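Structure, as structure tokens:
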2 protein chains.
Amino acid sequence: MEDGDADSYELIRTLYPHTGGAARIGLTGPPGVGKSSLISSLITVCRRREQRVGVISVDPSSPFTQGAVLGDRIRLSEHFLDPQVFIRSMGTRGHLGGLSKATLQACLVLDASGKDAIFLETVGVGQSEIEVASVADTVVLALQPGSGDSVQALKAGVMEIPDIIVVNKKDHPMADVTMNEIRSILMLGGQQGSWVTPVLATNAHTGEGVEELWDQIQAHGDHLHGCGEFEERRDAHLEREVVSLATREMERWLFERAHSDPRLASILEAVKDRSLDPLSAMRAILVDVFLIPQDQL
Amino acid sequence: MEDGDADSYELIRTLYPHTGGAARIGLTGPPGVGKSSLISSLITVCRRREQRVGVISVDPSSPFTQGAVLGDRIRLSEHFLDPQVFIRSMGTRGHLGGLSKATLQACLVLDASGKDAIFLETVGVGQSEIEVASVADTVVLALQPGSGDSVQALKAGVMEIPDIIVVNKKDHPMADVTMNEIRSILMLGGQQGSWVTPVLATNAHTGEGVEELWDQIQAHGDHLHGCGEFEERRDAHLEREVVSLATREMERWLFERAHSDPRLASILEAVKDRSLDPLSAMRAILVDVFLIPQDQL
């Protein structure tokens, strides 16, 4: 599937009716916060409770990250021999603002294979990272003590409020200050609906607080089911997922044909020599290439 | 234009042939780094050198940001009476990963009006924020001393390397440490082409280092012209801009019609009841709704 093999369409078609049983948990946070250790600890807790677990870790495919990925592998290695745990790292390059087609496919395969919980790990702090929410039932944001930028991003509303916030490295001298700061931001508003975002402290290495984190993830799932939001959220996510897949495929299609398709190439050339403006070019693409009726623009 | 008025299409068509003269400078960084103060100082430098300046400040439209926006206005107020300076704050909500249609239009208007330099300010640290690069000639990343998350994001390759890095608040005790850390990350690689990203220290309040920052922005522009990359970069940006406008317009079109268009609604309903998988749904949208030939998918 990651190679874009045509067979994967057939496979997804066959598997899709068997999906929907797994809880999808998004975990995001800045690099270095200890997301991999946290997931490793969460897996331990899940396995103790006989939950089958899938992990999809989305790493930016940069030359810089080789070391980090290796490090993550070592951290997760204690689960490598457990047949009820499946872990996969994938790249993101070229697909901003969410999860790639390959990631969504992997998610469906793990779901159909009978996993009870699927963790989706993304790196970074920004609205696009929190967008894992577009496929996750529960979004967990991991922060580290004293990590000013992330807390500022929450405070400034650059980032939407996640379902659960974890401050990892709870023994850090700044841990309490950071937790209080986050709590006061949450009290200022931004809370959507009836769920109140809990702020937890963990130590991923010793496992402290990780049972409580898993309990809160479960509690959030129960809350969604209890208030009837679960189906609504899933439906909205599926809708966004399909529209986003279609949009990105069209974007890819446009870029691929930017120079070879004569209609597209002449539109883009005209923009470059400033004889056609970008907005008229946009309309020309929608009307002439995608045949959208003029009056619907 | 921000209201999406239909007349704006006509206006852009008229103005577009007169654009292309202004240098576009993207400035991004985490909230609280002092981007507004930095821009205010840069404007002072520009005005001293008789440059006409436009500023487009893209703030997330969150209830949290009211205070920040007001603060920014106060910081920029010393330039409010200068007819050669135009400052505009705009929202981003609903348009991730770049600048909105309204922002691009505002940019064209300022360009046609004869500004020499246009500053595009975006908030946040992540790949989507650095994406201001898709319309800027020069991208400046502002960081603050001791801001671990941003430096980590650079190090981990979550963020691409900008053209210029500024460490603001140079009197902070951590300023030197942060600058050295950034320099060592840059030395490790990631440098694209022949331009070497300079790392500068500024104090936006006193204006220290801001002349040097402007000199480096100019030097980067000269570099692009000198090595012949300027036209290439501008053309690539225009292409991306048009494709991105068309893609987002199609996305908007899809969301708007998700429930009213019978073809779309039935595709999405089938995904929700799991009788049609997301990839087949994506293809159905491209082939049945946008009439893309099946063999081009």
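Residues are named by chain letter and number: chains run A, B, ... in the order of the structure tokens, numbers start at 1 in each chain, and ligands are numbered from 1 in the order shown.
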
Just want the 12 Å neighbourhood of Ala284 in chain A, counted on only C-alpha atoms, with same-chain residues fewer than 3 positions away dropped. Output as a list in words. Arg263, Leu264, Ala265, Ser266, Ile267, Leu268, Ala270, Val271, Leu276, Asp277, Pro278, Leu279, Ser280, Ala281, Val287, Asp288, Val289, Phe290, Leu291, Ile292, Pro293, Gln294 and Leu297 of chain A; Val242, Val243, Leu245, Ala246 and Glu249 of chain B

Polymer residues at most 6 Å from range 6-22 of chain A, only C-alpha atoms, same-chain spacing of 6 or more positions, as a VMD selection string: (chain A and resid 111 to 112 115 to 117) or (chain B and resid 274 277)

Can I get the selected residues back with N, CA and C atoms, as a short mmCIF file (atom, residue, chain, number, x, y, z; two decimals), in the first residue's frame?
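Final output, saved to part-v1.cif:
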data_model
loop_
_atom_site.label_atom_id
_atom_site.label_comp_id
_atom_site.auth_asym_id
_atom_site.auth_seq_id
_atom_site.Cartn_x
_atom_site.Cartn_y
_atom_site.Cartn_z
N ASP A 111 -7.46 -2.04 11.67
CA ASP A 111 -8.82 -2.09 12.20
C ASP A 111 -9.47 -3.44 11.82
N ALA A 112 -9.40 -3.78 10.54
CA ALA A 112 -10.02 -5.02 10.06
C ALA A 112 -9.34 -6.26 10.66
N LYS A 115 -7.63 -5.28 15.75
CA LYS A 115 -7.04 -4.53 16.86
C LYS A 115 -8.14 -3.81 17.64
N ASP A 116 -7.95 -3.72 18.96
CA ASP A 116 -8.92 -3.01 19.78
C ASP A 116 -8.62 -1.51 19.80
N ALA A 117 -7.33 -1.18 19.76
CA ALA A 117 -6.93 0.23 19.81
C ALA A 117 -5.84 0.49 18.78
N ARG B 274 -20.61 1.79 5.56
CA ARG B 274 -19.53 0.85 5.24
C ARG B 274 -19.83 -0.07 4.04
N ASP B 277 -15.97 1.77 0.37
CA ASP B 277 -14.77 2.14 1.15
C ASP B 277 -14.28 3.53 0.74
#

Quick one: everything within 6 Å of Ala136 in chain B, counting only C-alpha atoms, minus sequence neighbours fewer than 2 positions away in the same chain. Send it as a PyMOL selection string. chain B and resi 24-26+133+138

Find the residue from A:Val166, A:Leu108, A:Ala219, A:Ile182 that sits nearest to chain B; use only C-alpha atoms when measuring.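 Selected residue with least distance to chain B: A:Leu108.
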
Based on DSSP run over this structure's backbone, return all residues of range 125-244 of chain B in helix (DSSP H, G or I), as JSON, numbers by chain. {"B": [127, 128, 129, 130, 131, 132, 133, 134, 148, 149, 150, 151, 152, 153, 154, 155, 175, 176, 177, 178, 179, 180, 181, 182, 183, 184, 185, 186, 187, 210, 211, 212, 213, 214, 215, 216, 217, 218, 219, 220, 221, 222, 223, 224, 225, 226, 229, 230, 231, 232, 233, 234, 235, 236, 237, 238, 239, 240, 241, 242, 243, 244]}

Any idea what's packed within 12 Å of range 206-217 of chain B, counting only C-alpha atoms, ignoring anything in its chain fewer than 3 positions away? Could you give it as a PyMOL selection string? chain B and resi 23-27+37-49+51+117-119+136-142+162-171+195-203+220-224

Using only C-alpha atoms, the best pick from A:Gln84, A:Ser150, A:Thr247, A:Ser57 as closest to Ala106 in chain A would be A:Ser57

For CA of Leu110 in chain A and CA of Gly4 in chain A, determine how far apart the two atoms are, in Å to one decimal place.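 Separating CA of Leu110 in chain A from CA of Gly4 in chain A is a distance of 17.5 Å.
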
Do you have the CA of His172 in chain B-CA of Asp149 in chain A distance handy? 16.0 Å

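Between CA of Thr178 in chain B and CA of Thr122 in chain B the interatomic distance comes to 21.8 Å.
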